[in-house]
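Trainee: So here's work31.csv (CSV, C-alpha atoms).
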chain,number,residue,atom,x,y,z
B,6,MET,CA,11.3,43.6,158.2
B,7,THR,CA,11.8,39.8,158.1
B,8,ILE,CA,15.4,38.7,158.1
B,9,ILE,CA,15.8,35.7,155.9
B,10,ASP,CA,18.3,33.1,157.2
B,11,PRO,CA,19.8,31.4,154.1
B,12,ASN,CA,20.4,28.2,156.2
B,13,ALA,CA,16.9,28.0,157.5
B,14,LYS,CA,15.0,24.9,156.2
B,15,PRO,CA,11.2,24.6,156.1
B,16,ASP,CA,10.1,22.3,158.8
B,17,ALA,CA,8.9,19.0,157.4
B,18,GLU,CA,7.2,17.7,160.5
B,19,GLY,CA,5.5,18.9,163.7
B,20,GLN,CA,5.1,22.5,164.9
B,21,PRO,CA,2.5,23.4,162.3
B,22,GLY,CA,2.5,27.1,163.4
B,23,THR,CA,6.2,27.5,162.9
B,24,THR,CA,6.0,25.8,159.5
B,25,ILE,CA,3.5,28.3,158.2
B,26,GLY,CA,5.7,31.1,159.5
B,27,LYS,CA,8.7,29.7,157.8
B,28,THR,CA,6.9,29.1,154.6
B,29,HIS,CA,5.8,32.7,154.6
B,30,ARG,CA,9.3,33.8,155.1
B,31,TRP,CA,10.4,31.7,152.1
B,32,ILE,CA,7.6,33.1,150.0
B,33,PHE,CA,8.6,36.6,151.1
B,34,GLY,CA,12.2,35.9,150.2
B,35,LEU,CA,11.2,34.5,146.8
B,36,VAL,CA,9.0,37.5,146.0
B,37,ALA,CA,11.8,39.9,147.1
B,38,LEU,CA,14.3,38.1,144.8
B,39,LEU,CA,11.8,38.3,141.9
B,40,LEU,CA,11.2,42.0,142.5
B,41,LEU,CA,15.0,42.5,142.5
B,42,ALA,CA,15.3,40.6,139.3
B,43,VAL,CA,12.5,42.6,137.6
B,44,GLY,CA,13.9,45.8,138.9
B,45,ALA,CA,17.3,45.0,137.4
B,46,LEU,CA,15.7,44.2,134.1
B,47,ILE,CA,13.9,47.5,134.1
B,48,ILE,CA,17.1,49.4,134.8
B,49,VAL,CA,19.1,47.5,132.1
B,50,GLN,CA,16.4,47.2,129.4
B,51,PRO,CA,16.0,50.8,128.2
B,52,ASN,CA,19.7,51.2,127.7
B,53,ILE,CA,19.5,49.8,124.2
B,54,SER,CA,21.7,52.5,122.8
B,55,GLY,CA,25.2,53.8,123.6
B,56,ASP,CA,28.0,52.2,125.6
B,57,LYS,CA,26.5,49.2,127.3
B,58,ALA,CA,24.7,47.8,124.2
B,59,ALA,CA,27.7,48.5,122.1
B,60,GLN,CA,30.1,46.8,124.5
B,61,LYS,CA,27.9,43.8,124.9
B,62,ASP,CA,27.7,43.3,121.1
B,63,ALA,CA,31.4,44.1,120.5
B,64,THR,CA,32.3,40.5,120.0
B,65,SER,CA,29.3,39.5,117.9
B,66,GLY,CA,29.5,41.4,114.7
B,67,PHE,CA,28.8,44.8,116.1
B,68,GLY,CA,29.0,47.4,113.3
B,69,SER,CA,29.3,44.8,110.6
B,70,GLY,CA,27.2,43.6,107.6
B,71,PHE,CA,25.9,46.9,106.2
B,72,THR,CA,25.8,48.2,102.6
B,73,MET,CA,25.1,51.9,102.0
B,74,THR,CA,25.6,54.6,99.3
B,75,ASP,CA,27.8,57.6,99.9
B,76,GLN,CA,27.3,61.2,98.8
B,77,ASN,CA,29.1,60.5,95.5
B,78,GLY,CA,27.0,57.5,94.7
B,79,HIS,CA,29.6,54.9,95.6
B,80,THR,CA,28.8,51.8,97.5
B,81,VAL,CA,30.2,51.7,101.1
B,82,THR,CA,30.2,48.6,103.3
B,83,ASP,CA,31.9,47.7,106.5
B,84,GLN,CA,34.5,45.9,104.2
B,85,THR,CA,35.3,49.0,102.1
B,86,LEU,CA,35.7,51.1,105.3
B,87,SER,CA,38.2,48.7,106.9
B,88,GLY,CA,41.8,49.5,106.5
B,89,LYS,CA,41.4,52.8,108.3
B,90,PRO,CA,39.8,53.4,111.7
B,91,TYR,CA,36.6,55.5,111.7
B,92,ALA,CA,34.3,57.5,113.8
B,93,ILE,CA,30.6,57.0,112.9
B,94,PHE,CA,27.6,59.1,113.9
B,95,PHE,CA,23.9,58.8,113.0
B,96,GLY,CA,21.6,61.8,112.4
B,97,PHE,CA,19.7,63.8,109.7
B,98,THR,CA,20.4,67.0,107.9
B,99,ARG,CA,17.3,68.7,109.1
B,100,CYS,CA,18.5,68.3,112.7
B,101,PRO,CA,19.3,71.9,113.7
B,102,ASP,CA,21.4,71.3,116.8
B,103,VAL,CA,23.1,68.1,117.9
B,104,CYS,CA,24.0,66.9,114.4
B,105,PRO,CA,26.0,70.1,113.3
B,106,THR,CA,27.4,70.3,116.8
B,107,THR,CA,28.7,66.7,116.7
B,108,LEU,CA,30.0,66.9,113.2
B,109,SER,CA,31.8,70.2,114.0
B,110,HIS,CA,33.2,68.6,117.1
B,111,MET,CA,34.6,65.7,115.0
B,112,ALA,CA,36.0,68.0,112.4
B,113,GLN,CA,37.7,70.0,115.1
B,114,LEU,CA,39.2,66.8,116.7
B,115,ARG,CA,40.6,65.8,113.4
B,116,LYS,CA,42.2,69.2,113.0
B,117,GLN,CA,43.8,68.8,116.4
B,118,LEU,CA,45.2,65.4,115.4
B,119,GLY,CA,47.3,67.2,112.8
B,120,ALA,CA,48.9,64.9,110.3
B,121,ASP,CA,47.4,61.9,112.0
B,122,GLY,CA,43.9,63.3,111.2
B,123,SER,CA,44.1,61.8,107.7
B,124,LYS,CA,44.7,58.4,109.2
B,125,MET,CA,41.0,58.0,110.1
B,126,ASN,CA,37.6,58.6,108.5
B,127,ILE,CA,34.6,60.4,109.7
B,128,VAL,CA,31.3,58.8,108.7
B,129,PHE,CA,27.8,60.4,108.9
B,130,VAL,CA,24.8,58.1,108.5
B,131,SER,CA,21.5,59.7,107.7
B,132,VAL,CA,18.4,58.0,109.2
B,133,ASP,CA,16.1,60.2,107.1
B,134,PRO,CA,16.1,58.8,103.5
B,135,LYS,CA,12.9,60.7,102.7
B,136,TYR,CA,14.7,64.0,102.8
B,137,ASP,CA,18.4,63.1,102.7
B,138,THR,CA,19.3,62.3,99.2
B,139,LYS,CA,23.0,61.8,98.4
B,140,GLU,CA,23.0,65.3,96.9
B,141,SER,CA,21.5,67.0,100.0
B,142,ILE,CA,24.0,65.1,102.2
B,143,ARG,CA,26.9,66.2,99.9
B,144,ASP,CA,25.8,69.9,100.1
B,145,TYR,CA,25.4,69.6,103.9
B,146,LEU,CA,28.7,67.9,104.6
B,147,THR,CA,30.6,70.5,102.4
B,148,LEU,CA,29.9,73.1,105.1
B,149,PHE,CA,32.1,71.4,107.6
B,150,ASN,CA,35.4,71.9,105.6
B,151,THR,CA,36.7,68.5,106.3
B,152,PRO,CA,36.3,65.2,104.4
B,153,ILE,CA,33.3,63.4,105.8
B,154,ILE,CA,31.8,60.2,104.3
B,155,GLY,CA,28.0,60.7,104.2
B,156,LEU,CA,25.9,57.6,103.9
B,157,THR,CA,22.3,57.0,102.9
B,158,GLY,CA,20.3,54.0,101.6
B,159,THR,CA,16.9,52.4,101.3
B,160,ASP,CA,14.8,52.0,104.4
B,161,GLU,CA,15.9,48.4,104.6
B,162,GLN,CA,19.6,49.3,104.3
B,163,ILE,CA,19.2,51.9,107.0
B,164,ALA,CA,17.4,49.5,109.3
B,165,ARG,CA,20.3,47.1,108.9
B,166,ILE,CA,23.1,49.6,109.7
B,167,VAL,CA,21.1,51.0,112.6
B,168,LYS,CA,20.7,47.5,114.0
B,169,ALA,CA,24.4,46.7,113.5
B,170,PHE,CA,25.3,49.6,115.7
B,171,GLY,CA,22.5,49.2,118.2
B,172,VAL,CA,21.3,52.7,117.4
B,173,TYR,CA,17.9,53.9,118.5
B,174,TYR,CA,15.9,56.2,116.1
B,175,GLN,CA,12.3,57.1,116.0
B,176,LYS,CA,10.3,59.4,113.8
B,177,VAL,CA,8.1,61.7,115.9
B,178,PRO,CA,5.3,63.6,114.2
B,179,VAL,CA,5.1,67.4,114.7
B,180,ASP,CA,2.3,69.9,113.8
B,181,GLY,CA,1.6,70.4,110.2
B,182,GLY,CA,2.2,66.7,109.1
B,183,ASP,CA,6.0,67.0,109.4
B,184,TYR,CA,8.3,65.0,111.7
B,185,THR,CA,11.5,65.1,113.6
B,186,ILE,CA,13.7,62.2,114.5
B,187,ASP,CA,14.8,61.1,118.0
B,188,HIS,CA,18.1,59.4,117.6
B,189,THR,CA,21.2,58.1,119.5
B,190,ALA,CA,23.8,60.9,119.6
B,191,SER,CA,26.9,58.9,120.5
B,192,ILE,CA,29.9,58.6,118.2
B,193,PHE,CA,31.1,55.1,117.7
B,194,LEU,CA,34.8,54.5,117.2
B,195,MET,CA,35.8,51.6,115.1
B,196,ASP,CA,39.3,50.3,114.6
B,197,ARG,CA,41.0,49.6,111.2
B,198,HIS,CA,39.5,46.0,111.2
B,199,GLY,CA,36.0,47.4,111.7
B,200,LYS,CA,35.9,46.3,115.3
B,201,PHE,CA,34.1,48.4,117.8
B,202,VAL,CA,36.5,50.2,120.3
B,203,THR,CA,34.5,52.7,122.3
B,204,THR,CA,32.0,55.6,122.1
B,205,ILE,CA,32.4,59.4,122.5
B,206,ASP,CA,29.3,60.8,124.2
B,207,HIS,CA,27.6,64.1,123.5
B,208,GLN,CA,28.9,65.8,126.6
B,209,GLU,CA,32.4,64.4,126.6
B,210,THR,CA,35.3,66.8,127.1
B,211,GLN,CA,37.6,67.7,124.2
B,212,GLU,CA,40.6,66.2,126.0
B,213,SER,CA,38.9,62.9,126.6
B,214,ALA,CA,37.6,62.7,123.0
B,215,LEU,CA,41.0,63.6,121.6
B,216,GLY,CA,42.6,60.9,123.8
B,217,LYS,CA,40.2,58.3,122.4
B,218,MET,CA,40.9,59.4,118.8
B,219,ARG,CA,44.7,59.2,119.3
B,220,ASP,CA,44.3,55.7,120.9
B,221,LEU,CA,42.2,54.6,118.0
B,222,ILE,CA,44.7,55.7,115.4
B,223,GLY,CA,47.6,54.2,117.3
B,224,ARG,CA,46.0,50.7,117.3
B,225,SER,CA,47.4,48.1,114.9
M,27,MET,CA,48.1,106.4,136.4
M,28,LYS,CA,49.2,106.1,132.8
M,29,HIS,CA,48.8,102.4,133.0
M,30,GLN,CA,45.3,102.7,134.5
M,31,PHE,CA,44.3,105.0,131.6
M,32,LEU,CA,45.7,102.5,129.1
M,33,ALA,CA,43.8,99.7,130.8
M,34,LEU,CA,40.7,101.8,130.6
M,35,ILE,CA,41.2,102.4,126.9
M,36,ILE,CA,41.8,98.7,126.3
M,37,SER,CA,38.8,97.6,128.2
M,38,ALA,CA,36.6,100.2,126.5
M,39,THR,CA,37.8,99.1,123.1
M,40,ALA,CA,37.2,95.5,124.1
M,41,LEU,CA,33.7,96.4,125.2
M,42,ILE,CA,33.0,98.3,121.9
M,43,THR,CA,34.4,95.4,119.8
M,44,HIS,CA,32.3,92.9,121.8
M,45,ALA,CA,29.2,95.0,121.4
M,46,ALA,CA,29.8,95.4,117.7
M,47,HIS,CA,30.3,91.6,117.3
M,48,ALA,CA,27.5,90.8,119.7
M,49,HIS,CA,24.9,93.2,118.1
M,50,ASP,CA,22.5,93.5,121.1
M,51,TYR,CA,18.9,94.7,121.0
M,52,LYS,CA,16.7,96.2,123.7
M,53,GLN,CA,12.9,96.2,124.1
M,54,GLY,CA,11.7,97.7,127.4
M,55,ALA,CA,13.4,95.7,130.2
M,56,ILE,CA,14.3,92.9,127.8
M,57,SER,CA,17.7,92.8,126.1
M,58,ILE,CA,18.7,90.3,123.5
M,59,ALA,CA,22.3,89.5,123.0
M,60,HIS,CA,23.8,88.3,119.7
M,61,PRO,CA,21.0,86.4,118.0
M,62,TRP,CA,22.7,84.0,115.6
M,63,ALA,CA,21.9,81.0,113.4
M,64,ARG,CA,24.0,78.4,111.7
M,65,GLN,CA,24.5,78.6,108.0
M,66,THR,CA,22.5,75.9,106.1
M,67,ALA,CA,23.0,73.8,103.0
M,68,PRO,CA,20.8,74.6,99.9
M,69,SER,CA,18.7,71.5,100.5
M,70,GLN,CA,18.2,72.1,104.2
M,71,LYS,CA,14.7,73.5,104.8
M,72,VAL,CA,15.2,74.0,108.6
M,73,GLY,CA,17.5,76.1,110.7
M,74,GLY,CA,18.1,76.9,114.4
M,75,SER,CA,18.7,80.2,116.0
M,76,PHE,CA,20.3,81.0,119.4
M,77,MET,CA,20.6,84.1,121.7
M,78,THR,CA,20.7,85.2,125.3
M,79,ILE,CA,17.7,87.2,126.6
M,80,SER,CA,18.1,89.2,129.8
M,81,ASN,CA,15.3,90.8,131.9
M,82,SER,CA,16.2,93.9,134.0
M,83,ALA,CA,12.6,94.2,135.3
M,84,LYS,CA,11.5,93.4,138.9
M,85,SER,CA,9.0,91.0,137.5
M,86,GLY,CA,9.4,88.0,135.3
M,87,ASP,CA,8.6,88.0,131.6
M,88,LYS,CA,7.9,85.3,129.1
M,89,LEU,CA,9.0,84.6,125.5
M,90,LEU,CA,5.7,83.5,124.0
M,91,SER,CA,6.6,83.0,120.3
M,92,ALA,CA,8.7,84.2,117.4
M,93,THR,CA,7.9,85.1,113.8
M,94,SER,CA,9.9,85.7,110.7
M,95,SER,CA,9.5,86.2,107.0
M,96,ILE,CA,12.4,83.8,106.3
M,97,ALA,CA,10.5,80.6,107.0
M,98,GLU,CA,7.0,79.2,106.7
M,99,LYS,CA,6.9,78.4,110.4
M,100,VAL,CA,8.9,79.5,113.5
M,101,GLU,CA,8.7,77.5,116.7
M,102,ILE,CA,10.5,77.5,120.1
M,103,HIS,CA,12.1,74.1,120.6
M,104,THR,CA,13.9,72.3,123.4
M,105,MET,CA,16.5,69.6,123.0
M,106,THR,CA,17.1,67.0,125.6
M,107,MET,CA,19.3,63.9,125.8
M,108,GLU,CA,17.8,60.8,127.4
M,109,ASN,CA,20.0,57.6,127.6
M,110,GLY,CA,22.2,59.0,124.8
M,111,VAL,CA,19.2,59.7,122.6
M,112,MET,CA,18.6,63.2,121.3
M,113,LYS,CA,15.0,64.4,121.4
M,114,MET,CA,13.7,67.7,120.1
M,115,ARG,CA,10.3,69.0,120.9
M,116,PRO,CA,8.3,72.3,120.5
M,117,VAL,CA,7.9,74.2,123.7
M,118,SER,CA,4.3,75.0,124.7
M,119,GLY,CA,3.3,77.9,126.9
M,120,GLY,CA,6.5,80.0,126.2
M,121,LEU,CA,9.8,80.3,128.1
M,122,ASP,CA,10.3,82.2,131.3
M,123,VAL,CA,12.7,85.1,131.4
M,124,PRO,CA,13.1,85.5,135.2
M,125,ALA,CA,13.2,89.0,136.9
M,126,GLY,CA,16.8,90.2,136.9
M,127,GLY,CA,17.8,87.0,135.2
M,128,ARG,CA,18.3,85.6,131.8
M,129,LEU,CA,17.1,82.9,129.4
M,130,GLU,CA,19.8,81.3,127.2
M,131,LEU,CA,18.9,79.8,123.9
M,132,LYS,CA,22.0,77.8,123.1
M,133,PRO,CA,23.2,74.6,121.4
M,134,GLY,CA,22.2,71.6,123.5
M,135,SER,CA,19.2,73.4,125.0
M,136,TYR,CA,16.6,75.8,123.7
M,137,HIS,CA,16.5,77.2,120.2
M,138,ILE,CA,14.2,79.0,117.8
M,139,MET,CA,13.4,76.6,115.0
M,140,PHE,CA,12.8,77.8,111.4
M,141,ILE,CA,10.7,75.3,109.5
M,142,GLY,CA,10.3,75.6,105.7
M,143,LEU,CA,13.2,78.1,105.0
M,144,LYS,CA,12.5,80.1,101.9
M,145,ALA,CA,16.2,80.3,101.1
M,146,PRO,CA,19.4,78.8,102.6
M,147,LEU,CA,20.9,80.8,105.5
M,148,LYS,CA,24.1,82.3,104.0
M,149,LEU,CA,27.2,83.1,106.0
M,150,GLY,CA,27.2,86.7,107.2
M,151,GLU,CA,23.6,87.5,106.4
M,152,MET,CA,21.5,89.5,108.9
M,153,LEU,CA,17.9,88.1,108.9
M,154,PRO,CA,14.8,89.5,110.5
M,155,LEU,CA,13.1,87.9,113.6
M,156,THR,CA,10.4,89.2,115.8
M,157,LEU,CA,10.2,88.0,119.4
M,158,HIS,CA,6.9,88.3,121.2
M,159,PHE,CA,7.1,88.8,125.0
M,160,GLN,CA,4.3,88.7,127.4
M,161,HIS,CA,5.1,92.1,129.0
M,162,ALA,CA,7.8,93.7,126.9
M,163,GLY,CA,5.9,93.2,123.7
M,164,LYS,CA,7.5,92.8,120.3
M,165,ALA,CA,11.2,92.9,119.9
M,166,GLN,CA,12.6,93.1,116.4
M,167,VAL,CA,16.1,91.7,116.0
M,168,LYS,CA,18.4,90.7,113.2
M,169,ILE,CA,19.9,87.2,113.3
M,170,LYS,CA,23.5,86.9,112.2
M,171,VAL,CA,24.3,83.8,110.2
M,172,GLU,CA,27.5,82.2,111.5
M,173,PRO,CA,29.6,79.2,110.3
M,174,ILE,CA,28.0,75.8,110.8
M,175,ASN,CA,30.7,75.0,113.5
M,176,TYR,CA,30.1,78.3,115.4
M,177,GLY,CA,29.4,77.8,119.1
M,178,SER,CA,30.4,74.1,119.0
M,179,GLU,CA,34.1,73.9,118.1
M,180,GLY,CA,36.1,73.2,121.2
M,181,GLY,CA,33.0,72.0,122.9
M,182,HIS,CA,32.1,75.4,124.3
M,183,ASP,CA,30.4,78.6,123.5
M,184,HIS,CA,32.6,81.2,121.7
M,185,HIS,CA,30.8,84.5,122.2
Output the file's structure in the form of structure tokens.

Mentor:
Amino acid sequence: MTIIDPNAKPDAEGQPGTTIGKTHRWIFGLVALLLLAVGALIIVQPNISGDKAAQKDATSGFGSGFTMTDQNGHTVTDQTLSGKPYAIFFGFTRCPDVCPTTLSHMAQLRKQLGADGSKMNIVFVSVDPKYDTKESIRDYLTLFNTPIIGLTGTDEQIARIVKAFGVYYQKVPVDGGDYTIDHTASIFLMDRHGKFVTTIDHQETQESALGKMRDLIGRS
Amino acid sequence: MKHQFLALIISATALITHAAHAHDYKQGAISIAHPWARQTAPSQKVGGSFMTISNSAKSGDKLLSATSSIAEKVEIHTMTMENGVMKMRPVSGGLDVPAGGRLELKPGSYHIMFIGLKAPLKLGEMLPLTLHFQHAGKAQVKIKVEPINYGSEGGHDHH
């Protein structure tokens, strides 16, 4: 292992052997730095969803500039949602596990908030416009026994809201010509001005999630 | 003594109640505890089923596949989270049920997936499912349809 002396300067004159040695050390140092930088990029890059991407974009219009249609056919935008804080989650009704689990979790949290529960909205965004019509979203959300705003839209509108929240989703073909959808499972918490506050992750404890919801409602 | 007897009665009652609620099944060395599914909306053509499978044999067994008349296709799926992204995939080659151990099909992990449901899964229904094991053979069970929030409210399993 060569130790690189930051104060070392390449010899400009004489001692040709040493110069080559030092040049090698400099090249080694540069390569090591480059490798470190590339490594850092590789570690940071795949994290396009969830906390980090969200926090990075929080100041630059994160979660804004979308227009969707709710389960009753009404237009919903980031503007119409503002005034009340909201928890927003992306999924699809043919998702058998994480979507009903997360929506049930949010419904439960709202119940635990008691009277404060009505001071916030729960929003579900479908990333599967082919199957999720506003009627099917309405039928699906009725099962949770709590008011949930269900959003759908054209491919273009969905692409825009997904981008606004830095959400990842990818259709994956399965046997028989059908598909499933990989998607970000985090819940994004937005304040009454439509500004991103934090996320609740899939594995988060009830206490922690409830604390975040209380904090969200308490914000002016 | 009287207290002990009372305790015995209470625990026996609890056991019976649990068993009745849990509706267990047995096939050879394999037992299947409380197979359940979430209710579905009329437009939902898919559903997931969960259960705990135990193996009392000295050798391991394998859940190879599942079949049911309620859907066009039945698959064994796994769900994983990678970087906050949910991924669901069919399992190939079956799932191990270790000797003296158990295999849990539960939210956030493995499930039996119904594709092309012929009718919505209605609350309280008991629906047929056949599980195919490598050694124990066919086990016929009835899946109980539970509320959509079953097993997820409070962030933990309820049964």

Trainee: Enumerate, in order of chain and increasing residue number, the residues of chain M with an atom no farther than 10 Å from chain B, each with its shortest atom pair and distance in Å to one decimal, counting all atoms listed in the file, as JSON lines.

Mentor:
{"residue": "M:Ala63", "atom": "CA", "partner": "B:Pro101", "partner_atom": "CA", "distance": 9.5}
{"residue": "M:Arg64", "atom": "CA", "partner": "B:Pro101", "partner_atom": "CA", "distance": 8.3}
{"residue": "M:Gln65", "atom": "CA", "partner": "B:Leu148", "partner_atom": "CA", "distance": 8.2}
{"residue": "M:Thr66", "atom": "CA", "partner": "B:Tyr145", "partner_atom": "CA", "distance": 7.3}
{"residue": "M:Ala67", "atom": "CA", "partner": "B:Tyr145", "partner_atom": "CA", "distance": 4.9}
{"residue": "M:Pro68", "atom": "CA", "partner": "B:Asp144", "partner_atom": "CA", "distance": 6.9}
{"residue": "M:Ser69", "atom": "CA", "partner": "B:Ser141", "partner_atom": "CA", "distance": 5.3}
{"residue": "M:Gln70", "atom": "CA", "partner": "B:Arg99", "partner_atom": "CA", "distance": 6.0}
{"residue": "M:Lys71", "atom": "CA", "partner": "B:Arg99", "partner_atom": "CA", "distance": 6.9}
{"residue": "M:Val72", "atom": "CA", "partner": "B:Arg99", "partner_atom": "CA", "distance": 5.7}
{"residue": "M:Gly73", "atom": "CA", "partner": "B:Pro101", "partner_atom": "CA", "distance": 5.5}
{"residue": "M:Gly74", "atom": "CA", "partner": "B:Pro101", "partner_atom": "CA", "distance": 5.2}
{"residue": "M:Ser75", "atom": "CA", "partner": "B:Pro101", "partner_atom": "CA", "distance": 8.6}
{"residue": "M:Lys99", "atom": "CA", "partner": "B:Gly181", "partner_atom": "CA", "distance": 9.6}
{"residue": "M:Met105", "atom": "CA", "partner": "B:Asp102", "partner_atom": "CA", "distance": 8.1}
{"residue": "M:Thr106", "atom": "CA", "partner": "B:Val103", "partner_atom": "CA", "distance": 9.8}
{"residue": "M:Met107", "atom": "CA", "partner": "B:Ala190", "partner_atom": "CA", "distance": 8.2}
{"residue": "M:Glu108", "atom": "CA", "partner": "B:Thr189", "partner_atom": "CA", "distance": 9.0}
{"residue": "M:Asn109", "atom": "CA", "partner": "B:Asn52", "partner_atom": "CA", "distance": 6.4}
{"residue": "M:Gly110", "atom": "CA", "partner": "B:Thr189", "partner_atom": "CA", "distance": 5.5}
{"residue": "M:Val111", "atom": "CA", "partner": "B:Thr189", "partner_atom": "CA", "distance": 4.0}
{"residue": "M:Met112", "atom": "CA", "partner": "B:His188", "partner_atom": "CA", "distance": 5.3}
{"residue": "M:Lys113", "atom": "CA", "partner": "B:Asp187", "partner_atom": "CA", "distance": 4.7}
{"residue": "M:Met114", "atom": "CA", "partner": "B:Asp187", "partner_atom": "CA", "distance": 7.0}
{"residue": "M:Arg115", "atom": "CA", "partner": "B:Val179", "partner_atom": "CA", "distance": 8.2}
{"residue": "M:Pro116", "atom": "CA", "partner": "B:Val179", "partner_atom": "CA", "distance": 8.2}
{"residue": "M:Lys132", "atom": "CA", "partner": "B:Asp102", "partner_atom": "CA", "distance": 9.1}
{"residue": "M:Pro133", "atom": "CA", "partner": "B:Asp102", "partner_atom": "CA", "distance": 5.9}
{"residue": "M:Gly134", "atom": "CA", "partner": "B:Val103", "partner_atom": "CA", "distance": 6.7}
{"residue": "M:Ser135", "atom": "CA", "partner": "B:Asp102", "partner_atom": "CA", "distance": 8.7}
{"residue": "M:Tyr136", "atom": "CA", "partner": "B:Asp102", "partner_atom": "CA", "distance": 9.5}
{"residue": "M:His137", "atom": "CA", "partner": "B:Asp102", "partner_atom": "CA", "distance": 8.4}
{"residue": "M:Ile138", "atom": "CA", "partner": "B:Pro101", "partner_atom": "CA", "distance": 9.7}
{"residue": "M:Met139", "atom": "CA", "partner": "B:Pro101", "partner_atom": "CA", "distance": 7.7}
{"residue": "M:Phe140", "atom": "CA", "partner": "B:Pro101", "partner_atom": "CA", "distance": 9.1}
{"residue": "M:Ile141", "atom": "CA", "partner": "B:Arg99", "partner_atom": "CA", "distance": 9.3}
{"residue": "M:Pro173", "atom": "CA", "partner": "B:Leu148", "partner_atom": "CA", "distance": 8.0}
{"residue": "M:Ile174", "atom": "CA", "partner": "B:Pro105", "partner_atom": "CA", "distance": 6.5}
{"residue": "M:Asn175", "atom": "CA", "partner": "B:Ser109", "partner_atom": "CA", "distance": 4.9}
{"residue": "M:Tyr176", "atom": "CA", "partner": "B:Ser109", "partner_atom": "CA", "distance": 8.4}
{"residue": "M:Gly177", "atom": "CA", "partner": "B:Thr106", "partner_atom": "CA", "distance": 8.1}
{"residue": "M:Ser178", "atom": "CA", "partner": "B:Thr106", "partner_atom": "CA", "distance": 5.3}
{"residue": "M:Glu179", "atom": "CA", "partner": "B:His110", "partner_atom": "CA", "distance": 5.5}
{"residue": "M:Gly180", "atom": "CA", "partner": "B:Gln211", "partner_atom": "CA", "distance": 6.4}
{"residue": "M:Gly181", "atom": "CA", "partner": "B:Gln211", "partner_atom": "CA", "distance": 6.4}
{"residue": "M:His182", "atom": "CA", "partner": "B:Gln211", "partner_atom": "CA", "distance": 9.5}

Trainee: Go through M:Val117, M:Leu153, M:Val123, M:Ile96 one by one, measure the shortest atom-to-atom distance of each to Gln166 (chain M) using only C-alpha atoms, and give the residue with the smallest value.

Mentor: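 Answer, going by the shortest atom-to-atom distance: M:Leu153.
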
Trainee: What does the distance from CA of Lys148 (chain M) to CA of Lys170 (chain M) come to in Å, to one decimal?

Mentor: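 These atoms are spaced 9.4 Å apart.
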
Trainee: What is the distance, in Å and to one decimal place, between CA of Leu156 (chain B) and CA of Gly150 (chain M)?

Mentor: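 The value is 29.3 Å.
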
Trainee: If I take CA of His103 (chain M) and CA of Lys176 (chain B), how far is one from the other in Å, to one decimal?

Mentor: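 Rounded to one decimal, the two atoms are 16.3 Å apart.
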
Trainee: Write out as a PDB file with C-alpha atoms, in the frame of the given file which residues come within 12 Å of His161 (chain M) when counting all atoms listed in the file, dropping same-chain ones fewer than 5 positions away.

Mentor:
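The result, stored in selection-v4.pdb:
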ATOM      1  CA  GLN M  53      12.900  96.200 124.100  1.00  0.00           C
ATOM      2  CA  GLY M  54      11.700  97.700 127.400  1.00  0.00           C
ATOM      3  CA  ALA M  55      13.400  95.700 130.200  1.00  0.00           C
ATOM      4  CA  ILE M  56      14.300  92.900 127.800  1.00  0.00           C
ATOM      5  CA  ASN M  81      15.300  90.800 131.900  1.00  0.00           C
ATOM      6  CA  ALA M  83      12.600  94.200 135.300  1.00  0.00           C
ATOM      7  CA  LYS M  84      11.500  93.400 138.900  1.00  0.00           C
ATOM      8  CA  SER M  85       9.000  91.000 137.500  1.00  0.00           C
ATOM      9  CA  GLY M  86       9.400  88.000 135.300  1.00  0.00           C
ATOM     10  CA  ASP M  87       8.600  88.000 131.600  1.00  0.00           C
ATOM     11  CA  LYS M  88       7.900  85.300 129.100  1.00  0.00           C
ATOM     12  CA  LEU M  89       9.000  84.600 125.500  1.00  0.00           C
ATOM     13  CA  LEU M  90       5.700  83.500 124.000  1.00  0.00           C
ATOM     14  CA  ASP M 122      10.300  82.200 131.300  1.00  0.00           C
ATOM     15  CA  VAL M 123      12.700  85.100 131.400  1.00  0.00           C
ATOM     16  CA  ALA M 125      13.200  89.000 136.900  1.00  0.00           C
TER      17      ALA M 125
END
